[in-house]
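With PDB, C-alpha atoms inside, this is structure-v7.pdb:
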```
ATOM      1  CA  GLN A   1     -22.507   8.202 -33.014
ATOM      2  CA  LEU A   2     -19.609   8.106 -30.600
ATOM      3  CA  GLN A   3     -18.659   4.495 -29.829
ATOM      4  CA  LEU A   4     -15.815   2.745 -28.005
ATOM      5  CA  VAL A   5     -15.187  -0.961 -28.535
ATOM      6  CA  GLU A   6     -12.785  -2.978 -26.386
ATOM      7  CA  SER A   7     -11.194  -6.198 -27.584
ATOM      8  CA  GLY A   8      -8.311  -8.503 -26.734
ATOM      9  CA  GLY A   9      -9.591 -10.024 -23.535
ATOM     10  CA  GLY A  10      -9.527 -13.723 -22.824
ATOM     11  CA  LEU A  11      -8.240 -16.479 -20.591
ATOM     12  CA  VAL A  12      -4.551 -16.451 -19.744
ATOM     13  CA  GLN A  13      -2.373 -18.279 -17.236
ATOM     14  CA  PRO A  14      -0.695 -16.412 -14.377
ATOM     15  CA  GLY A  15       2.440 -14.725 -15.619
ATOM     16  CA  GLY A  16       1.039 -14.408 -19.114
ATOM     17  CA  SER A  17       0.293 -11.357 -21.231
ATOM     18  CA  LEU A  18      -2.614  -9.801 -23.076
ATOM     19  CA  ARG A  19      -3.001  -6.631 -25.094
ATOM     20  CA  LEU A  20      -6.334  -4.884 -24.910
ATOM     21  CA  SER A  21      -7.482  -2.492 -27.609
ATOM     22  CA  CYS A  22      -9.972   0.340 -27.406
ATOM     23  CA  ALA A  23     -11.140   1.394 -30.856
ATOM     24  CA  ALA A  24     -13.165   4.537 -31.387
ATOM     25  CA  SER A  25     -15.718   5.089 -34.101
ATOM     26  CA  GLY A  26     -17.879   8.056 -34.904
ATOM     27  CA  PHE A  27     -15.286  10.494 -33.620
ATOM     28  CA  THR A  28     -11.550  11.084 -33.588
ATOM     29  CA  LEU A  29      -9.600  10.391 -30.425
ATOM     30  CA  ASP A  30      -7.115  13.196 -31.046
ATOM     31  CA  TYR A  31      -8.520  15.485 -28.331
ATOM     32  CA  TYR A  32      -9.639  12.793 -25.891
ATOM     33  CA  ALA A  33      -8.015  11.547 -22.742
ATOM     34  CA  ILE A  34      -8.569   7.806 -22.384
ATOM     35  CA  GLY A  35      -8.890   5.781 -19.229
ATOM     36  CA  TRP A  36      -8.888   2.060 -18.622
ATOM     37  CA  PHE A  37     -10.962   0.749 -15.740
ATOM     38  CA  ARG A  38     -11.808  -2.684 -14.434
ATOM     39  CA  GLN A  39     -14.468  -4.256 -12.287
ATOM     40  CA  ALA A  40     -14.240  -7.654 -10.661
ATOM     41  CA  PRO A  41     -17.305  -9.530  -9.365
ATOM     42  CA  GLY A  42     -18.449  -8.093  -6.067
ATOM     43  CA  LYS A  43     -15.962  -5.244  -6.215
ATOM     44  CA  GLU A  44     -16.173  -1.598  -7.109
ATOM     45  CA  ARG A  45     -14.883  -0.328 -10.403
ATOM     46  CA  GLU A  46     -11.284   0.847 -10.187
ATOM     47  CA  GLY A  47      -9.130   2.983 -12.397
ATOM     48  CA  VAL A  48      -6.276   1.095 -14.030
ATOM     49  CA  SER A  49      -4.538   3.590 -16.295
ATOM     50  CA  CYS A  50      -4.918   6.898 -18.092
ATOM     51  CA  ILE A  51      -3.302   8.501 -21.120
ATOM     52  CA  SER A  52      -3.587  12.116 -22.196
ATOM     53  CA  SER A  53      -4.792  13.139 -25.649
ATOM     54  CA  ASN A  54      -1.265  13.696 -26.941
ATOM     55  CA  GLY A  55       0.181  10.651 -25.189
ATOM     56  CA  GLY A  56       2.570  12.788 -23.185
ATOM     57  CA  SER A  57       1.069  11.986 -19.816
ATOM     58  CA  THR A  58       0.274   8.547 -18.450
ATOM     59  CA  ASP A  59      -0.669   7.278 -15.033
ATOM     60  CA  TYR A  60      -1.229   3.866 -13.473
ATOM     61  CA  ALA A  61      -2.839   2.355 -10.443
ATOM     62  CA  ASP A  62      -0.236   1.151  -7.941
ATOM     63  CA  SER A  63      -1.465  -2.420  -8.400
ATOM     64  CA  VAL A  64      -0.429  -2.481 -12.078
ATOM     65  CA  LYS A  65       2.638  -0.215 -12.169
ATOM     66  CA  GLY A  66       5.564  -1.906 -13.830
ATOM     67  CA  ARG A  67       3.337  -4.560 -15.412
ATOM     68  CA  PHE A  68       0.852  -2.641 -17.576
ATOM     69  CA  THR A  69       1.620  -0.103 -20.294
ATOM     70  CA  ILE A  70      -0.900   2.230 -21.906
ATOM     71  CA  SER A  71      -0.293   3.639 -25.370
ATOM     72  CA  ARG A  72      -2.225   5.193 -28.204
ATOM     73  CA  ASP A  73      -2.126   5.384 -31.972
ATOM     74  CA  ASN A  74      -4.253   8.334 -32.968
ATOM     75  CA  ALA A  75      -3.782   7.505 -36.653
ATOM     76  CA  LYS A  76      -5.576   4.221 -35.952
ATOM     77  CA  ASN A  77      -7.991   5.864 -33.516
ATOM     78  CA  THR A  78      -7.057   3.202 -30.989
ATOM     79  CA  VAL A  79      -5.684   3.031 -27.464
ATOM     80  CA  TYR A  80      -3.930  -0.050 -26.115
ATOM     81  CA  LEU A  81      -3.294  -1.579 -22.729
ATOM     82  CA  GLN A  82      -0.403  -4.041 -22.712
ATOM     83  CA  MET A  83      -0.714  -6.278 -19.672
ATOM     84  CA  ASN A  84       2.274  -8.400 -18.647
ATOM     85  CA  SER A  85       2.961 -10.632 -15.647
ATOM     86  CA  LEU A  86      -0.751 -11.096 -15.149
ATOM     87  CA  LYS A  87      -2.010 -12.254 -11.771
ATOM     88  CA  PRO A  88      -5.292 -13.909 -10.766
ATOM     89  CA  GLU A  89      -6.299 -10.662  -9.041
ATOM     90  CA  ASP A  90      -6.228  -8.930 -12.439
ATOM     91  CA  THR A  91      -9.322 -10.925 -13.397
ATOM     92  CA  ALA A  92     -12.103  -8.465 -14.211
ATOM     93  CA  ILE A  93     -14.095  -6.852 -16.966
ATOM     94  CA  TYR A  94     -11.956  -4.108 -18.471
ATOM     95  CA  TYR A  95     -13.524  -0.948 -19.841
ATOM     96  CA  CYS A  96     -12.122   1.990 -21.711
ATOM     97  CA  ALA A  97     -13.548   5.462 -21.381
ATOM     98  CA  ALA A  98     -13.039   8.773 -23.170
ATOM     99  CA  GLU A  99     -13.426  12.427 -22.365
ATOM    100  CA  VAL A 100     -12.526  15.557 -24.320
ATOM    101  CA  ARG A 101      -9.485  16.971 -22.523
ATOM    102  CA  PRO A 102      -7.006  18.348 -25.076
ATOM    103  CA  ASP A 103      -3.463  18.116 -23.743
ATOM    104  CA  ARG A 104      -4.548  17.772 -20.111
ATOM    105  CA  ALA A 105      -2.284  15.599 -17.990
ATOM    106  CA  CYS A 106      -3.593  12.560 -16.145
ATOM    107  CA  TYR A 107      -3.821  13.337 -12.435
ATOM    108  CA  TYR A 108      -5.811  10.989 -10.250
ATOM    109  CA  ARG A 109      -8.437  12.800  -8.174
ATOM    110  CA  GLY A 110     -10.803  10.929  -5.889
ATOM    111  CA  SER A 111     -12.008   7.960  -7.938
ATOM    112  CA  SER A 112     -10.786   8.855 -11.436
ATOM    113  CA  TRP A 113      -8.522  11.038 -13.567
ATOM    114  CA  PHE A 114     -11.362  12.784 -15.389
ATOM    115  CA  HIS A 115     -15.133  12.614 -15.491
ATOM    116  CA  PHE A 116     -15.246  10.237 -18.430
ATOM    117  CA  GLY A 117     -18.492  10.588 -20.366
ATOM    118  CA  SER A 118     -18.159   7.845 -22.982
ATOM    119  CA  TRP A 119     -17.652   4.177 -22.135
ATOM    120  CA  GLY A 120     -17.197   0.944 -23.992
ATOM    121  CA  GLN A 121     -19.042  -2.294 -23.299
ATOM    122  CA  GLY A 122     -16.061  -4.021 -21.701
ATOM    123  CA  THR A 123     -13.937  -7.090 -22.366
ATOM    124  CA  GLN A 124     -13.437  -9.975 -19.962
ATOM    125  CA  VAL A 125      -9.951 -10.817 -18.727
ATOM    126  CA  THR A 126      -9.549 -14.029 -16.759
ATOM    127  CA  VAL A 127      -6.211 -15.014 -15.250
ATOM    128  CA  SER A 128      -6.278 -18.611 -14.093
ATOM    129  CA  SER A 129      -4.290 -21.803 -14.302
TER
END
```

structure tokens encoding of this file:
Amino acid sequence: QLQLVESGGGLVQPGGSLRLSCAASGFTLDYYAIGWFRQAPGKEREGVSCISSNGGSTDYADSVKGRFTISRDNAKNTVYLQMNSLKPEDTAIYYCAAEVRPDRACYYRGSSWFHFGSWGQGTQVTVSS
């Protein structure tokens, strides 16, 4: 059974850092593009970052460019989101999502990079002093 599990969320002060992990089980991530999304209370879900299956293409929302870095370790079947210089407005539940797109680059179209079919349960990130 295909499963994605996020971890690494928590409470951090403004300016701090967190690293989120998205671990896959039941399948190999080698051919999957991965997206990170977030949803704050009362707000719509927004795309945060995307990484292609081979790691050669990445993309970021304007709100996180220069602060967040997406990476993947296919040997560990895990994708990471390093979040630095966190701000209170980064507070949200963060989800990872996967879709089979071998070697397709991440181009943002409409509301997402791809039509992601598999989603994790989310991890809470709270940025507060």

*To one decimal in Å, tell me the separation between CA of Thr91 in chain A and CA of Ala23 in chain A.*
21.4 Å

_So the first atom is CA of Ser17 in chain A and the second is CA of Ser118 in chain A; what is the distance between them in Å, to one decimal place?_
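Separation between CA of Ser17 in chain A and CA of Ser118 in chain A: 26.7 Å.
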
*Residues in the PyMOL selection byres ((chain A and resi 12-14) around 6), expressed as a count of residues only*: 8

*What is the distance between CA of Asp103 in chain A and CA of Leu18 in chain A, in Å to one decimal?*
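Between these atoms lies a distance of 27.9 Å.
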
_Protein and nucleic acid residues near (-2.3, 0.3, -26.1) (cut-off 8 Å, all atoms listed in the file) as a ChimeraX atom specification_ = /A:19-22,69-73,78-82

*Closest to Glu44 in chain A among A:Ala97, A:Val64, A:Ala92, A:Ala105, using all atoms listed in the file?*
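Nearest candidate to Glu44 in chain A out of A:Ala97, A:Val64, A:Ala92, A:Ala105: A:Ala92.
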
As AutoDock Vina command-line options, what would the box around range 107-115 of chain A look like: edges along x, y and z, 8 Å added on every side, centre and edge lengths in Å to one decimal?
```
--center_x -9.5 --center_y 10.6 --center_z -10.7 --size_x 27.3 --size_y 21.4 --size_z 25.6
```

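You can rank A:Cys106, A:Ala24, A:Leu2, A:Ala40 by their closest distance to Gln124 in chain A using all atoms listed in the file, and at the top of that list sits A:Ala40.
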
*Name the residues that the PyMOL selection byres ((chain A and resi 122) around 7) picks from the file above, as a VMD selection string, using the file's chain letters and numbers.*
chain A and resid 6 93 to 95 120 to 121 123 to 124

*Have a look at A:Tyr107, A:Tyr31, A:Trp36, A:Trp119 and name the one nearest to Met83 in chain A; count all atoms listed in the file.*
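Among the listed residues, the smallest separation from Met83 in chain A belongs to A:Trp36.
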
*asked:* Just checking: using only C-alpha atoms, which residue out of A:Gly35, A:Gly10, A:Gln1, A:Phe27 ends up closest to His115 in chain A?
replied: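 With only C-alpha atoms as the atom set, the closest residue is A:Gly35.
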
*In terms of the shortest atom-to-atom distance over all atoms listed in the file, which of A:Arg38, A:Asp62, A:Val48, A:Ser25 is closest to Val5 in chain A?*
A:Ser25

*From the list A:Glu89, A:Asn84, A:Gly8, A:Gly47, which residue is nearest Tyr60 in chain A when using only C-alpha atoms?*
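Closest to Tyr60 in chain A, using only C-alpha atoms: A:Gly47.
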
*Shell of 6 Å around Ile51 in chain A, all atoms listed in the file, local chain residues under 2 positions omitted, as a PyMOL selection string*: chain A and resi 33-34+55+57-58

Output as a PDB file, in the frame of the given file: range 78-102 of chain A, completed with N, CA and C atoms.
```pdb
ATOM      1  N   THR A  78      -7.043   4.328 -31.916  1.00  0.00           N
ATOM      2  CA  THR A  78      -7.057   3.202 -30.989  1.00  0.00           C
ATOM      3  C   THR A  78      -6.094   3.448 -29.825  1.00  0.00           C
ATOM      4  N   VAL A  79      -6.520   3.010 -28.660  1.00  0.00           N
ATOM      5  CA  VAL A  79      -5.684   3.031 -27.464  1.00  0.00           C
ATOM      6  C   VAL A  79      -5.481   1.596 -27.011  1.00  0.00           C
ATOM      7  N   TYR A  80      -4.279   1.315 -26.504  1.00  0.00           N
ATOM      8  CA  TYR A  80      -3.930  -0.050 -26.115  1.00  0.00           C
ATOM      9  C   TYR A  80      -3.568  -0.118 -24.633  1.00  0.00           C
ATOM     10  N   LEU A  81      -3.764  -1.295 -24.084  1.00  0.00           N
ATOM     11  CA  LEU A  81      -3.294  -1.579 -22.729  1.00  0.00           C
ATOM     12  C   LEU A  81      -2.552  -2.908 -22.784  1.00  0.00           C
ATOM     13  N   GLN A  82      -1.235  -2.842 -22.737  1.00  0.00           N
ATOM     14  CA  GLN A  82      -0.403  -4.041 -22.712  1.00  0.00           C
ATOM     15  C   GLN A  82      -0.288  -4.509 -21.275  1.00  0.00           C
ATOM     16  N   MET A  83      -0.700  -5.733 -21.028  1.00  0.00           N
ATOM     17  CA  MET A  83      -0.714  -6.278 -19.672  1.00  0.00           C
ATOM     18  C   MET A  83       0.236  -7.461 -19.605  1.00  0.00           C
ATOM     19  N   ASN A  84       1.276  -7.338 -18.827  1.00  0.00           N
ATOM     20  CA  ASN A  84       2.274  -8.400 -18.647  1.00  0.00           C
ATOM     21  C   ASN A  84       2.251  -8.895 -17.207  1.00  0.00           C
ATOM     22  N   SER A  85       2.854 -10.040 -16.987  1.00  0.00           N
ATOM     23  CA  SER A  85       2.961 -10.632 -15.647  1.00  0.00           C
ATOM     24  C   SER A  85       1.604 -10.649 -14.953  1.00  0.00           C
ATOM     25  N   LEU A  86       0.615 -11.121 -15.673  1.00  0.00           N
ATOM     26  CA  LEU A  86      -0.751 -11.096 -15.149  1.00  0.00           C
ATOM     27  C   LEU A  86      -0.898 -11.994 -13.929  1.00  0.00           C
ATOM     28  N   LYS A  87      -1.748 -11.536 -13.018  1.00  0.00           N
ATOM     29  CA  LYS A  87      -2.010 -12.254 -11.771  1.00  0.00           C
ATOM     30  C   LYS A  87      -3.498 -12.584 -11.698  1.00  0.00           C
ATOM     31  N   PRO A  88      -3.860 -13.586 -10.912  1.00  0.00           N
ATOM     32  CA  PRO A  88      -5.292 -13.909 -10.766  1.00  0.00           C
ATOM     33  C   PRO A  88      -6.126 -12.708 -10.313  1.00  0.00           C
ATOM     34  N   GLU A  89      -5.551 -11.838  -9.512  1.00  0.00           N
ATOM     35  CA  GLU A  89      -6.299 -10.662  -9.041  1.00  0.00           C
ATOM     36  C   GLU A  89      -6.521  -9.617 -10.130  1.00  0.00           C
ATOM     37  N   ASP A  90      -5.950  -9.809 -11.307  1.00  0.00           N
ATOM     38  CA  ASP A  90      -6.228  -8.930 -12.439  1.00  0.00           C
ATOM     39  C   ASP A  90      -7.512  -9.335 -13.170  1.00  0.00           C
ATOM     40  N   THR A  91      -8.089 -10.454 -12.775  1.00  0.00           N
ATOM     41  CA  THR A  91      -9.322 -10.925 -13.397  1.00  0.00           C
ATOM     42  C   THR A  91     -10.447  -9.922 -13.188  1.00  0.00           C
ATOM     43  N   ALA A  92     -11.051  -9.480 -14.277  1.00  0.00           N
ATOM     44  CA  ALA A  92     -12.103  -8.465 -14.211  1.00  0.00           C
ATOM     45  C   ALA A  92     -12.620  -8.198 -15.620  1.00  0.00           C
ATOM     46  N   ILE A  93     -13.687  -7.433 -15.693  1.00  0.00           N
ATOM     47  CA  ILE A  93     -14.095  -6.852 -16.966  1.00  0.00           C
ATOM     48  C   ILE A  93     -13.369  -5.524 -17.102  1.00  0.00           C
ATOM     49  N   TYR A  94     -12.727  -5.324 -18.226  1.00  0.00           N
ATOM     50  CA  TYR A  94     -11.956  -4.108 -18.471  1.00  0.00           C
ATOM     51  C   TYR A  94     -12.718  -3.201 -19.434  1.00  0.00           C
ATOM     52  N   TYR A  95     -12.817  -1.946 -19.050  1.00  0.00           N
ATOM     53  CA  TYR A  95     -13.524  -0.948 -19.841  1.00  0.00           C
ATOM     54  C   TYR A  95     -12.584   0.190 -20.213  1.00  0.00           C
ATOM     55  N   CYS A  96     -12.797   0.734 -21.404  1.00  0.00           N
ATOM     56  CA  CYS A  96     -12.122   1.990 -21.711  1.00  0.00           C
ATOM     57  C   CYS A  96     -13.159   3.108 -21.711  1.00  0.00           C
ATOM     58  N   ALA A  97     -12.673   4.299 -21.465  1.00  0.00           N
ATOM     59  CA  ALA A  97     -13.548   5.462 -21.381  1.00  0.00           C
ATOM     60  C   ALA A  97     -12.835   6.669 -21.969  1.00  0.00           C
ATOM     61  N   ALA A  98     -13.617   7.615 -22.490  1.00  0.00           N
ATOM     62  CA  ALA A  98     -13.039   8.773 -23.170  1.00  0.00           C
ATOM     63  C   ALA A  98     -13.690  10.059 -22.693  1.00  0.00           C
ATOM     64  N   GLU A  99     -12.903  11.098 -22.699  1.00  0.00           N
ATOM     65  CA  GLU A  99     -13.426  12.427 -22.365  1.00  0.00           C
ATOM     66  C   GLU A  99     -12.578  13.464 -23.099  1.00  0.00           C
ATOM     67  N   VAL A 100     -13.251  14.510 -23.600  1.00  0.00           N
ATOM     68  CA  VAL A 100     -12.526  15.557 -24.320  1.00  0.00           C
ATOM     69  C   VAL A 100     -11.712  16.376 -23.331  1.00  0.00           C
ATOM     70  N   ARG A 101     -10.403  16.231 -23.388  1.00  0.00           N
ATOM     71  CA  ARG A 101      -9.485  16.971 -22.523  1.00  0.00           C
ATOM     72  C   ARG A 101      -8.192  17.213 -23.300  1.00  0.00           C
ATOM     73  N   PRO A 102      -8.201  18.143 -24.240  1.00  0.00           N
ATOM     74  CA  PRO A 102      -7.006  18.348 -25.076  1.00  0.00           C
ATOM     75  C   PRO A 102      -5.783  18.707 -24.252  1.00  0.00           C
TER      76      PRO A 102
END
```
